[in-house]
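Undergrad: So here's work_32.cif (mmCIF, C-alpha atoms).
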data_entry
#
loop_
_atom_site.label_atom_id
_atom_site.label_comp_id
_atom_site.auth_asym_id
_atom_site.auth_seq_id
_atom_site.Cartn_x
_atom_site.Cartn_y
_atom_site.Cartn_z
CA MET A 32 57.94 89.43 105.22
CA THR A 33 55.00 87.12 104.75
CA THR A 34 53.39 85.46 107.75
CA ARG A 35 55.41 82.56 109.06
CA ASN A 36 53.87 79.26 109.98
CA THR A 37 56.91 77.94 111.81
CA LYS A 38 56.92 77.38 115.55
CA VAL A 39 59.28 79.45 117.69
CA MET A 40 61.63 76.92 119.28
CA ASN A 41 64.51 77.12 121.73
CA ARG A 42 68.17 76.94 120.70
CA PHE A 43 69.33 74.73 123.56
CA ASP A 44 66.43 72.33 123.11
CA VAL A 45 66.97 72.07 119.35
CA THR A 46 70.74 71.66 119.81
CA SER A 47 70.18 68.90 122.37
CA ARG A 48 67.84 67.12 119.99
CA LEU A 49 70.51 67.29 117.27
CA ILE A 50 73.26 65.94 119.54
CA GLY A 51 70.94 63.13 120.60
CA LYS A 52 70.74 61.97 117.00
CA LEU A 53 74.50 61.77 116.39
CA LYS A 54 75.72 58.16 116.47
CA HIS A 55 78.64 58.17 114.05
CA GLU A 56 81.10 60.69 115.49
CA GLU A 57 79.71 63.44 113.30
CA ALA A 58 81.62 66.74 113.51
CA VAL A 59 79.77 69.81 114.82
CA ILE A 60 81.05 73.36 114.38
CA GLY A 61 79.48 75.90 116.74
CA GLY A 62 79.41 79.52 115.58
CA ILE A 63 80.32 82.34 117.95
CA GLY A 64 78.37 83.14 121.10
CA ASN A 65 75.10 81.45 121.89
CA THR A 66 75.28 78.75 119.23
CA ASN A 67 78.48 77.35 120.69
CA PHE A 68 77.42 78.02 124.29
CA ASP A 69 74.39 75.79 123.74
CA LEU A 70 76.49 73.23 121.87
CA TRP A 71 78.80 73.12 124.90
CA ALA A 72 75.83 72.93 127.29
CA ALA A 73 74.33 70.04 125.32
CA GLY A 74 77.36 67.99 126.40
CA HIS A 75 80.92 68.22 125.15
CA ARG A 76 81.91 65.74 122.46
CA PRO A 77 85.42 65.29 121.03
CA GLN A 78 84.02 66.05 117.58
CA ASN A 79 82.75 69.52 118.59
CA PHE A 80 84.58 72.69 117.57
CA TYR A 81 83.80 75.98 119.29
CA MET A 82 84.59 79.34 117.70
CA LEU A 83 85.80 82.33 119.72
CA GLY A 84 85.51 85.04 117.10
CA SER A 85 85.62 85.24 113.30
CA MET A 86 81.87 85.83 113.18
CA GLY A 87 80.23 84.21 110.17
CA LEU A 88 82.81 81.49 109.55
CA ALA A 89 81.04 78.46 111.01
CA PHE A 90 79.89 77.31 107.56
CA PRO A 91 83.28 77.88 105.85
CA ILE A 92 85.11 76.05 108.67
CA ALA A 93 82.60 73.19 108.42
CA LEU A 94 83.04 73.15 104.64
CA GLY A 95 86.78 72.70 105.13
CA VAL A 96 86.22 69.79 107.50
CA ALA A 97 83.70 68.28 105.09
CA LEU A 98 86.14 68.49 102.17
CA ALA A 99 88.93 66.97 104.28
CA GLN A 100 86.79 64.08 105.56
CA PRO A 101 84.15 63.27 102.93
CA ASP A 102 83.01 60.13 104.76
CA ARG A 103 82.09 62.00 107.94
CA ARG A 104 78.91 64.05 108.28
CA VAL A 105 79.70 67.60 109.34
CA PHE A 106 77.15 69.90 111.01
CA ALA A 107 77.51 73.64 111.46
CA LEU A 108 75.39 75.70 113.84
CA GLU A 109 75.15 79.38 112.93
CA GLY A 110 73.08 82.34 114.05
CA ASP A 111 71.15 84.46 111.58
CA GLY A 112 73.24 87.54 112.39
CA SER A 113 76.45 85.60 111.80
CA LEU A 114 75.20 84.17 108.53
CA LEU A 115 74.37 87.67 107.28
CA MET A 116 78.09 88.45 107.57
CA GLN A 117 79.06 85.74 105.10
CA LEU A 118 76.17 85.08 102.71
CA GLY A 119 78.62 84.46 99.87
CA ALA A 120 79.68 81.24 101.59
CA LEU A 121 76.29 79.74 100.72
CA SER A 122 77.09 79.98 97.01
CA THR A 123 80.56 78.54 97.51
CA ILE A 124 78.99 75.54 99.26
CA ALA A 125 76.29 75.23 96.59
CA THR A 126 78.99 75.16 93.91
CA LEU A 127 81.12 72.51 95.65
CA LYS A 128 78.07 70.43 96.72
CA PRO A 129 79.63 68.52 99.63
CA LYS A 130 76.93 65.95 100.41
CA ASN A 131 78.22 65.50 103.96
CA LEU A 132 77.66 69.11 105.05
CA ILE A 133 74.56 70.09 107.03
CA MET A 134 73.99 73.74 107.93
CA ILE A 135 71.66 74.74 110.74
CA VAL A 136 70.64 78.37 111.14
CA MET A 137 69.25 79.54 114.49
CA ASP A 138 67.11 82.52 113.52
CA ASN A 139 65.74 84.85 116.19
CA GLY A 140 66.08 88.04 114.12
CA ILE A 141 68.22 89.66 116.79
CA TYR A 142 71.78 90.05 117.98
CA GLN A 143 70.77 88.50 121.30
CA ILE A 144 74.18 88.59 122.91
CA THR A 145 74.82 92.28 122.28
CA GLY A 146 71.51 93.50 123.63
CA ALA A 147 68.85 92.01 121.37
CA GLN A 148 69.05 94.59 118.61
CA PRO A 149 67.14 93.50 115.46
CA THR A 150 69.27 92.36 112.51
CA PRO A 151 68.85 94.30 109.25
CA ALA A 152 67.19 91.19 107.83
CA ALA A 153 64.75 90.61 110.67
CA SER A 154 61.61 92.08 109.16
CA VAL A 155 62.35 91.81 105.46
CA ALA A 156 64.40 88.73 104.54
CA ASP A 157 63.87 84.97 104.59
CA ILE A 158 66.96 82.86 105.35
CA VAL A 159 65.68 79.81 103.49
CA ALA A 160 64.81 81.87 100.42
CA ILE A 161 68.31 83.38 100.52
CA ALA A 162 69.86 79.91 100.78
CA ALA A 163 67.73 78.54 97.95
CA GLY A 164 68.55 81.59 95.86
CA SER A 165 72.23 80.97 96.56
CA GLY A 166 71.92 77.54 94.97
CA LEU A 167 71.22 75.36 98.01
CA ALA A 168 68.13 73.58 96.79
CA LYS A 169 67.85 71.44 99.90
CA SER A 170 66.98 74.29 102.25
CA ALA A 171 63.97 74.25 104.54
CA TRP A 172 62.36 75.80 107.59
CA ALA A 173 61.72 73.39 110.44
CA ALA A 174 58.04 73.71 111.29
CA ASP A 175 58.48 72.40 114.84
CA GLU A 176 60.80 70.16 116.87
CA GLU A 177 59.58 66.94 115.29
CA ASP A 178 59.99 68.42 111.84
CA PHE A 179 63.53 69.52 112.79
CA GLU A 180 64.42 65.95 113.77
CA ARG A 181 62.92 64.65 110.53
CA LEU A 182 64.94 67.15 108.49
CA VAL A 183 68.14 66.18 110.34
CA GLU A 184 67.52 62.51 109.59
CA ALA A 185 66.90 63.27 105.93
CA ALA A 186 70.06 65.38 105.76
CA MET A 187 72.16 62.53 107.18
CA SER A 188 71.52 60.44 104.09
CA ALA A 189 71.23 63.26 101.56
CA THR A 190 73.30 63.40 98.39
CA GLU A 191 73.74 67.17 98.51
CA PRO A 192 74.35 69.76 101.24
CA SER A 193 71.36 70.63 103.41
CA LEU A 194 70.35 73.79 105.23
CA ILE A 195 67.81 73.71 108.04
CA ALA A 196 66.54 76.99 109.46
CA VAL A 197 64.94 77.11 112.88
CA ARG A 198 63.00 80.02 114.32
CA ILE A 199 64.14 80.40 117.91
CA ASP A 200 63.21 82.55 120.89
CA ASP A 201 65.27 85.36 122.38
CA LYS A 202 66.78 83.34 125.23
CA PRO A 203 70.53 83.50 125.85
CA GLY A 204 72.73 80.42 125.65
CA VAL A 205 72.56 77.97 128.57
CA GLY A 206 76.26 77.30 129.16
CA ALA A 207 79.57 79.03 128.68
CA THR A 208 82.26 77.39 126.61
CA ARG A 209 85.72 77.16 128.14
CA ARG A 210 87.67 79.61 126.01
CA ASP A 211 90.87 77.66 125.47
CA PRO A 212 91.44 77.80 121.72
CA VAL A 213 94.48 75.52 121.51
CA GLN A 214 92.84 72.83 123.61
CA ILE A 215 89.58 73.16 121.65
CA ARG A 216 91.44 72.72 118.34
CA GLU A 217 93.67 69.92 119.56
CA ARG A 218 90.81 67.91 121.07
CA PHE A 219 88.78 68.41 117.91
CA MET A 220 91.64 66.99 115.85
CA HIS A 221 91.82 64.00 118.20
CA GLY A 222 88.07 63.60 117.84
CA LEU A 223 88.39 63.56 114.05
CA GLY A 224 91.16 60.95 114.18
CA VAL A 225 93.73 63.31 112.70
CA ARG A 226 96.02 63.16 115.73
CA GLU A 227 96.73 61.14 118.84
CA PRO A 228 97.32 62.79 122.22
CA LEU A 229 100.95 63.10 123.30
CA MET B 282 114.50 92.86 85.94
CA ALA B 283 110.91 91.84 86.32
CA ILE B 284 110.03 88.33 85.27
CA ALA B 285 107.34 88.65 82.68
CA GLU B 286 104.21 86.56 82.86
CA ARG B 287 104.65 83.48 80.69
CA GLN B 288 102.20 81.17 79.00
CA ALA B 289 103.97 78.13 80.39
CA THR B 290 102.40 74.74 80.84
CA PRO B 291 102.31 73.47 84.43
CA ALA B 292 104.90 70.75 83.90
CA ALA B 293 107.63 69.83 86.32
CA GLY B 294 110.65 71.91 85.44
CA ASP B 295 108.51 74.95 84.64
CA ASN B 296 110.74 77.74 85.88
CA SER B 297 108.16 80.55 85.88
CA TRP B 298 107.23 81.97 89.29
CA HIS B 299 103.80 80.35 89.12
CA GLY B 300 105.24 77.02 88.01
CA ILE B 301 107.55 77.04 91.03
CA VAL B 302 104.69 77.93 93.39
CA LEU B 303 102.55 75.11 91.97
CA GLN B 304 105.32 72.53 92.32
CA THR B 305 106.16 73.72 95.84
CA LEU B 306 102.52 73.37 96.89
CA LYS B 307 102.44 69.89 95.42
CA ARG B 308 105.69 68.79 97.06
CA ASN B 309 104.28 69.89 100.42
CA GLU B 310 100.99 68.01 99.93
CA ILE B 311 98.92 71.18 99.80
CA ARG B 312 95.87 70.11 97.83
CA LEU B 313 93.20 72.62 98.79
CA VAL B 314 93.65 76.10 97.32
CA PRO B 315 90.69 78.49 97.64
CA TYR B 316 91.28 81.99 96.31
CA VAL B 317 89.87 85.40 95.56
CA PRO B 318 91.32 86.11 92.13
CA ASP B 319 93.88 88.67 91.09
CA ARG B 320 95.11 89.53 87.61
CA VAL B 321 98.72 88.62 88.42
CA LEU B 322 97.70 85.27 89.95
CA THR B 323 95.74 84.27 86.84
CA PRO B 324 98.32 81.86 85.34
CA LEU B 325 98.76 80.13 88.72
CA ILE B 326 95.00 79.84 89.23
CA LYS B 327 94.54 78.51 85.69
CA ASN B 328 97.20 75.85 86.16
CA LEU B 329 95.88 74.83 89.59
CA HIS B 330 92.47 74.26 88.00
CA ALA B 331 94.07 72.21 85.24
CA ASP B 332 95.89 69.88 87.68
CA PRO B 333 93.68 67.18 89.26
CA PHE B 334 96.03 67.05 92.26
CA PHE B 335 94.44 70.29 93.48
CA THR B 336 90.99 71.21 94.69
CA THR B 337 90.85 74.89 93.85
CA PHE B 338 87.90 77.26 93.73
CA ALA B 339 86.92 80.90 94.19
CA THR B 340 85.39 82.15 97.41
CA ALA B 341 83.36 85.31 97.85
CA ARG B 342 85.68 86.75 100.49
CA GLU B 343 89.21 86.06 101.67
CA GLU B 344 88.18 85.33 105.26
CA GLU B 345 85.83 82.66 103.93
CA ALA B 346 88.84 80.99 102.31
CA VAL B 347 90.75 81.23 105.59
CA GLY B 348 87.86 79.51 107.39
CA ILE B 349 87.81 76.75 104.78
CA VAL B 350 91.53 75.92 104.95
CA SER B 351 91.44 76.14 108.76
CA GLY B 352 88.65 73.56 108.88
CA ALA B 353 90.39 71.40 106.32
CA TRP B 354 93.64 71.42 108.28
CA MET B 355 91.84 70.32 111.42
CA GLY B 356 90.33 67.55 109.33
CA GLY B 357 93.75 66.44 108.11
CA ARG B 358 94.03 68.15 104.75
CA ARG B 359 96.48 70.92 103.97
CA GLY B 360 95.52 74.12 102.16
CA ALA B 361 96.73 77.54 101.13
CA VAL B 362 94.88 80.76 100.27
CA LEU B 363 95.62 83.02 97.29
CA MET B 364 94.66 86.68 97.40
CA GLN B 365 95.58 90.23 96.53
CA THR B 366 96.86 92.93 98.90
CA SER B 367 93.41 94.50 99.27
CA GLY B 368 92.04 91.09 100.22
CA PHE B 369 94.62 90.65 102.93
CA ALA B 370 93.36 93.93 104.38
CA THR B 371 90.04 92.22 105.20
CA LEU B 372 91.70 89.52 107.34
CA ALA B 373 92.75 91.17 110.62
CA ASN B 374 89.77 89.76 112.53
CA VAL B 375 90.08 86.17 111.34
CA LEU B 376 93.85 86.16 111.86
CA ALA B 377 93.49 87.44 115.42
CA SER B 378 90.50 85.31 116.39
CA LEU B 379 91.04 82.05 114.49
CA ALA B 380 94.40 81.40 112.85
CA VAL B 381 96.68 82.74 115.59
CA PRO B 382 94.91 81.73 118.83
CA TYR B 383 94.00 78.24 117.56
CA GLN B 384 97.55 77.77 116.23
CA ILE B 385 96.58 76.98 112.66
CA PRO B 386 99.30 76.84 109.98
CA LEU B 387 97.52 79.20 107.63
CA ILE B 388 99.54 79.57 104.42
CA MET B 389 98.80 82.75 102.48
CA PHE B 390 100.12 83.84 99.10
CA VAL B 391 99.50 87.55 98.59
CA SER B 392 99.93 89.13 95.17
CA GLU B 393 101.30 92.54 96.04
CA ARG B 394 99.68 95.59 94.56
CA GLY B 395 100.17 99.17 95.62
CA THR B 396 103.88 99.50 94.95
CA LEU B 397 106.42 99.66 92.10
CA GLY B 398 104.21 101.25 89.53
CA GLU B 399 100.75 101.21 91.12
CA PHE B 400 98.24 103.38 89.26
CA ASN B 401 95.36 103.17 91.76
CA TYR B 402 95.81 105.39 94.83
CA GLY B 403 93.47 103.19 96.89
CA GLN B 404 95.65 100.16 96.19
CA SER B 405 98.82 102.00 97.19
CA LEU B 406 97.22 103.05 100.48
CA VAL B 407 95.80 99.66 101.40
CA CYS B 408 99.18 98.07 100.66
CA ARG B 409 100.70 100.15 103.45
CA THR B 410 98.41 98.49 106.00
CA MET B 411 99.58 94.94 105.20
CA ARG B 412 102.98 94.68 106.91
CA PRO B 413 101.91 96.64 110.02
CA VAL B 414 99.02 94.18 110.48
CA LEU B 415 101.34 91.19 110.01
CA ASP B 416 103.90 92.71 112.39
CA SER B 417 101.28 93.62 115.00
CA LEU B 418 100.43 89.92 115.34
CA ALA B 419 104.10 88.91 115.06
CA LEU B 420 103.25 86.80 112.01
CA GLU B 421 106.00 85.35 109.84
CA HIS B 422 106.05 87.01 106.43
CA HIS B 423 108.43 87.25 103.50
CA THR B 424 108.39 89.51 100.49
CA ILE B 425 109.65 87.53 97.52
CA THR B 426 111.33 89.61 94.82
CA ARG B 427 113.68 87.12 93.12
CA LEU B 428 112.90 84.03 91.10
CA ASP B 429 116.02 82.25 92.34
CA GLU B 430 114.88 82.67 95.96
CA LEU B 431 111.23 81.74 95.47
CA GLU B 432 111.43 77.99 95.89
CA PHE B 433 113.65 78.16 98.97
CA ILE B 434 111.50 80.77 100.71
CA ALA B 435 108.18 79.15 99.82
CA ASP B 436 109.23 75.58 100.60
CA ARG B 437 110.94 76.44 103.90
CA SER B 438 108.10 78.76 104.96
CA ILE B 439 105.42 76.15 104.32
CA LYS B 440 107.37 73.56 106.31
CA GLN B 441 107.91 76.04 109.14
CA ALA B 442 104.23 76.97 109.22
CA VAL B 443 103.21 73.32 109.51
CA THR B 444 105.80 72.31 112.09
CA THR B 445 105.38 75.40 114.28
CA GLN B 446 101.60 75.57 113.75
CA ALA B 447 101.77 79.24 112.87
CA PRO B 448 100.47 81.29 109.92
CA VAL B 449 102.76 82.62 107.22
CA ALA B 450 102.26 85.22 104.50
CA LEU B 451 104.30 84.99 101.31
CA ILE B 452 104.09 88.32 99.52
CA LEU B 453 104.66 88.04 95.78
CA ASN B 454 106.30 91.34 94.83
CA PRO B 455 106.06 92.89 91.32
CA LEU B 456 109.80 92.29 90.93
CA LEU B 457 108.95 88.58 90.92
CA THR B 458 105.67 88.53 89.03
CA GLY B 459 105.84 91.61 86.83
CA GLY B 460 102.89 93.04 88.75
CA LYS B 461 99.97 94.81 87.18
CA VAL B 462 100.59 97.91 85.12
CA PHE B 463 98.27 100.58 83.81
CA ASP B 464 96.84 99.25 80.58
CA LYS B 465 93.71 101.31 79.86
#
Go ahead and render the structure in this file as structure tokens.
TA:
Amino acid sequence: MTTRNTKVMNRFDVTSRLIGKLKHEEAVIGGIGNTNFDLWAAGHRPQNFYMLGSMGLAFPIALGVALAQPDRRVFALEGDGSLLMQLGALSTIATLKPKNLIMIVMDNGIYQITGAQPTPAASVADIVAIAAGSGLAKSAWAADEEDFERLVEAAMSATEPSLIAVRIDDKPGVGATRRDPVQIRERFMHGLGVREPL
Amino acid sequence: MAIAERQATPAAGDNSWHGIVLQTLKRNEIRLVPYVPDRVLTPLIKNLHADPFFTTFATAREEEAVGIVSGAWMGGRRGAVLMQTSGFATLANVLASLAVPYQIPLIMFVSERGTLGEFNYGQSLVCRTMRPVLDSLALEHHTITRLDELEFIADRSIKQAVTTQAPVALILNPLLTGGKVFDK
């Protein structure tokens, strides 16, 4: 791994900055564990979906939402360990090119929630290089918080899918999502305008 | 007698197994069909690609396809996943942690290998894990062996999955499709 020039940021802070930029009922899919805990802690929105398991599927789930609702921007928050489980999904997304899909990877090089063990990629692989090599040309490291916000703004008007990787610290998530899968799914569908409450 | 694979065009009235599956998907407004390919599914996949009604594409893994159709359903678009028996064997985690607890009408078509003339021991073993996994989660599943029952089972099962918000697996048996036989 070559020397990185990206600042080490904090997942909750970066997630809060993202949520603060959403003005058009954008969908946000939170991957398992800390990514969705911090999404929850940043303030629940009806357009948020929180995963309970199925590690690695935040991007595929977000792709499905993006294909179903091409006029809505769809964000997915995924950890580096989760992404390593489903790298093939990057090529699927690159092939389909949904312009409304924005992937954010929170990279701390560890499985924080299981005891901070290093991932197999931690010292040898580069997430952005993997994404670019998978066909996602619009992939970039965020240099710092301001650069992250700039990349998010650019992605919101992009004509192809975007991937933004953020180096984060080893802190756990701030909140704890209420683990009620049916209610999470139902409220998400209300938030996307697919259904009305009973 | 096994129904041999035909080179039929995907027109309405096509009475091949894959023609019936395609028309049943269409009648039930299932437009999104990600798949991991299988030799037996080839004519169905080819005809789905040829029909602009469908958005169909390959994924790298079956659970990826399950994630995609789950997201699409929450966004208001119906989908179904095509796979082979060995692909179903990779799905226990996503079924138990996404499709079932979130009550998602996941529609799966599984081309059955491992029985009725299987030549690969690994395939015959992995096939034996499929129904126990489905039964352990109390998932609806049907093994389709007869052409004259295909439309009824597929159409009713899709409608039941949607209205009860529960997954269903439709297992396409070699008696229906002809299966894959040792050729080299």
Undergrad: May I ask which of the residues A:Ala185, A:Leu115, A:Met40, A:Val213 is the closest one to A:Lys169, counting all atoms listed in the file?
TA: A:Ala185
Undergrad: Got a sec to resolve the PyMOL selection byres ((chain A) within 7 of (chain B)) on this structure and send the residues as a list in words?
TA: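 On this input, the PyMOL selection byres ((chain A) within 7 of (chain B)) captures Leu83, Gly84, Ser85, Leu88, Pro91, Ile92, Ala93, Leu94, Gly95, Val96, Leu98, Ala99, Gln100, Gly119, Ala120, Thr123, Pro212, Val213, Arg216, Met220, Leu223 and Val225 of chain A.
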Undergrad: Point out the residue among A:Gly112, A:Pro151, A:Leu167, A:Val136 with the least atom-to-atom distance to A:Phe179, counting only C-alpha atoms.
TA: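 Closest candidate: A:Val136.
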Undergrad: Starting from the displayed file, determine the output of the PyMOL selection byres ((chain B and resi 434) around 12) and express the residue list as number ranges by chain.
TA: B: 301-302, 305, 390, 421-433, 435-442, 449-453
Undergrad: Enter the distance from atom CA of B:Leu303 to atom CA of B:Asn328, in Å, rounded to one decimal.
TA: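 Computed distance, atom CA of B:Leu303 to atom CA of B:Asn328, equals 7.9 Å.
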Undergrad: Under the rule that only C-alpha atoms are counted, which of A:Ser188, A:Asn131, A:Gln214, A:Thr208 is the nearest residue to A:Ala72?
TA: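 So, comparing all the options, the nearest one is A:Thr208.
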Undergrad: What is the atom CA of B:Leu457-atom CA of B:Leu406 distance in Å, reported with one decimal?
TA: 20.9 Å
Undergrad: Pull out every residue that the PyMOL selection byres ((chain A and resi 186) around 10) matches in the shown coordinates and put them as a PyMOL selection string.
TA: chain A and resi 104+106+130-134+169+180-185+187-195
Undergrad: Take the residues just selected and output them with C-alpha atoms as a tab-separated table (two decimals), in the coordinates of the input.
TA:
chain	number	residue	atom	x	y	z
A	104	ARG	CA	78.91	64.05	108.28
A	106	PHE	CA	77.15	69.90	111.01
A	130	LYS	CA	76.93	65.95	100.41
A	131	ASN	CA	78.22	65.50	103.96
A	132	LEU	CA	77.66	69.11	105.05
A	133	ILE	CA	74.56	70.09	107.03
A	134	MET	CA	73.99	73.74	107.93
A	169	LYS	CA	67.85	71.44	99.90
A	180	GLU	CA	64.42	65.95	113.77
A	181	ARG	CA	62.92	64.65	110.53
A	182	LEU	CA	64.94	67.15	108.49
A	183	VAL	CA	68.14	66.18	110.34
A	184	GLU	CA	67.52	62.51	109.59
A	185	ALA	CA	66.90	63.27	105.93
A	187	MET	CA	72.16	62.53	107.18
A	188	SER	CA	71.52	60.44	104.09
A	189	ALA	CA	71.23	63.26	101.56
A	190	THR	CA	73.30	63.40	98.39
A	191	GLU	CA	73.74	67.17	98.51
A	192	PRO	CA	74.35	69.76	101.24
A	193	SER	CA	71.36	70.63	103.41
A	194	LEU	CA	70.35	73.79	105.23
A	195	ILE	CA	67.81	73.71	108.04
Undergrad: Atom CA of B:His299 to atom CA of B:Pro386: how many Å, to one decimal?
TA: 21.6 Å
Undergrad: Show which residues sit within 12 Å of stretch 324-326 of chain B, as a PyMOL selection string. Count only C-alpha atoms, and ignore same-chain residues fewer than 5 positions away.
TA: chain B and resi 285-291+295+297-304+306+314-319+331-332+335-339+362-364+390+392+458
Undergrad: Please produce a file of the residues just selected, as a PDB file, in the frame of the given file, where the atoms kept are C-alpha atoms.
TA:
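So the final result, stored in again_30.pdb, reads:
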ATOM      1  CA  ALA B 285     107.340  88.650  82.680  1.00  0.00           C
ATOM      2  CA  GLU B 286     104.210  86.560  82.860  1.00  0.00           C
ATOM      3  CA  ARG B 287     104.650  83.480  80.690  1.00  0.00           C
ATOM      4  CA  GLN B 288     102.200  81.170  79.000  1.00  0.00           C
ATOM      5  CA  ALA B 289     103.970  78.130  80.390  1.00  0.00           C
ATOM      6  CA  THR B 290     102.400  74.740  80.840  1.00  0.00           C
ATOM      7  CA  PRO B 291     102.310  73.470  84.430  1.00  0.00           C
ATOM      8  CA  ASP B 295     108.510  74.950  84.640  1.00  0.00           C
ATOM      9  CA  SER B 297     108.160  80.550  85.880  1.00  0.00           C
ATOM     10  CA  TRP B 298     107.230  81.970  89.290  1.00  0.00           C
ATOM     11  CA  HIS B 299     103.800  80.350  89.120  1.00  0.00           C
ATOM     12  CA  GLY B 300     105.240  77.020  88.010  1.00  0.00           C
ATOM     13  CA  ILE B 301     107.550  77.040  91.030  1.00  0.00           C
ATOM     14  CA  VAL B 302     104.690  77.930  93.390  1.00  0.00           C
ATOM     15  CA  LEU B 303     102.550  75.110  91.970  1.00  0.00           C
ATOM     16  CA  GLN B 304     105.320  72.530  92.320  1.00  0.00           C
ATOM     17  CA  LEU B 306     102.520  73.370  96.890  1.00  0.00           C
ATOM     18  CA  VAL B 314      93.650  76.100  97.320  1.00  0.00           C
ATOM     19  CA  PRO B 315      90.690  78.490  97.640  1.00  0.00           C
ATOM     20  CA  TYR B 316      91.280  81.990  96.310  1.00  0.00           C
ATOM     21  CA  VAL B 317      89.870  85.400  95.560  1.00  0.00           C
ATOM     22  CA  PRO B 318      91.320  86.110  92.130  1.00  0.00           C
ATOM     23  CA  ASP B 319      93.880  88.670  91.090  1.00  0.00           C
ATOM     24  CA  ALA B 331      94.070  72.210  85.240  1.00  0.00           C
ATOM     25  CA  ASP B 332      95.890  69.880  87.680  1.00  0.00           C
ATOM     26  CA  PHE B 335      94.440  70.290  93.480  1.00  0.00           C
ATOM     27  CA  THR B 336      90.990  71.210  94.690  1.00  0.00           C
ATOM     28  CA  THR B 337      90.850  74.890  93.850  1.00  0.00           C
ATOM     29  CA  PHE B 338      87.900  77.260  93.730  1.00  0.00           C
ATOM     30  CA  ALA B 339      86.920  80.900  94.190  1.00  0.00           C
ATOM     31  CA  VAL B 362      94.880  80.760 100.270  1.00  0.00           C
ATOM     32  CA  LEU B 363      95.620  83.020  97.290  1.00  0.00           C
ATOM     33  CA  MET B 364      94.660  86.680  97.400  1.00  0.00           C
ATOM     34  CA  PHE B 390     100.120  83.840  99.100  1.00  0.00           C
ATOM     35  CA  SER B 392      99.930  89.130  95.170  1.00  0.00           C
ATOM     36  CA  THR B 458     105.670  88.530  89.030  1.00  0.00           C
TER      37      THR B 458
END
Undergrad: Let me have the centre and edge lengths of the axis-aligned box enclosing all listed atoms of stretch 159-175 of chain A with 3 Å padding on every side, in Å to one decimal, as JSON.
TA:
{"center_x": 65.1, "center_y": 77.4, "center_z": 104.9, "size_x": 20.2, "size_y": 17.9, "size_z": 25.9}
Undergrad: Got a sec: who's within 7 Å of B:Gly395, counting only C-alpha atoms, leaving out chain neighbours fewer than 2 positions off, as a list in words?
TA: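 Answer for this query is Glu393, Glu399, Gln404, Ser405, Leu406 and Cys408 of chain B.
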Undergrad: Print the selection's residues with C-alpha atoms to a file, as a short mmCIF file (atom, residue, chain, number, x, y, z; two decimals), keeping the file's coordinate frame.
TA:
data_model
loop_
_atom_site.label_atom_id
_atom_site.label_comp_id
_atom_site.auth_asym_id
_atom_site.auth_seq_id
_atom_site.Cartn_x
_atom_site.Cartn_y
_atom_site.Cartn_z
CA GLU B 393 101.30 92.54 96.04
CA GLU B 399 100.75 101.21 91.12
CA GLN B 404 95.65 100.16 96.19
CA SER B 405 98.82 102.00 97.19
CA LEU B 406 97.22 103.05 100.48
CA CYS B 408 99.18 98.07 100.66
#
Undergrad: Quick one: everything within 12 Å of A:Ser47, counting only C-alpha atoms, minus sequence neighbours fewer than 6 positions away in the same chain. Send it as a ChimeraX atom specification.
TA: /A:41,53,66-75,176,179-180,205
Undergrad: Looking at only C-alpha atoms, which of A:Leu118, A:Ala174, A:Ala163, A:Ile215 is the one that sits closest to A:Phe80?
TA: A:Ile215
Undergrad: Could you write stretch 131-147 of chain A of the block just shown to a file containing C-alpha atoms, as a compact mmCIF listing (two decimals), in the first residue's frame?
TA:
# COMPACT_ATOMS: atom_id res chain seq x y z
CA ASN A 131 -28.81 8.05 -9.51
CA LEU A 132 -26.75 5.66 -7.37
CA ILE A 133 -24.08 6.99 -5.01
CA MET A 134 -21.94 4.53 -3.04
CA ILE A 135 -20.08 5.60 0.08
CA VAL A 136 -17.47 3.30 1.60
CA MET A 137 -16.42 3.83 5.22
CA ASP A 138 -12.91 2.38 5.30
CA ASN A 139 -11.16 1.81 8.63
CA GLY A 140 -9.38 -1.40 7.56
CA ILE A 141 -10.91 -3.32 10.46
CA TYR A 142 -13.94 -5.31 11.48
CA GLN A 143 -14.59 -2.79 14.25
CA ILE A 144 -17.73 -4.38 15.61
CA THR A 145 -16.26 -7.86 16.05
CA GLY A 146 -13.16 -6.75 17.90
CA ALA A 147 -11.21 -4.57 15.47
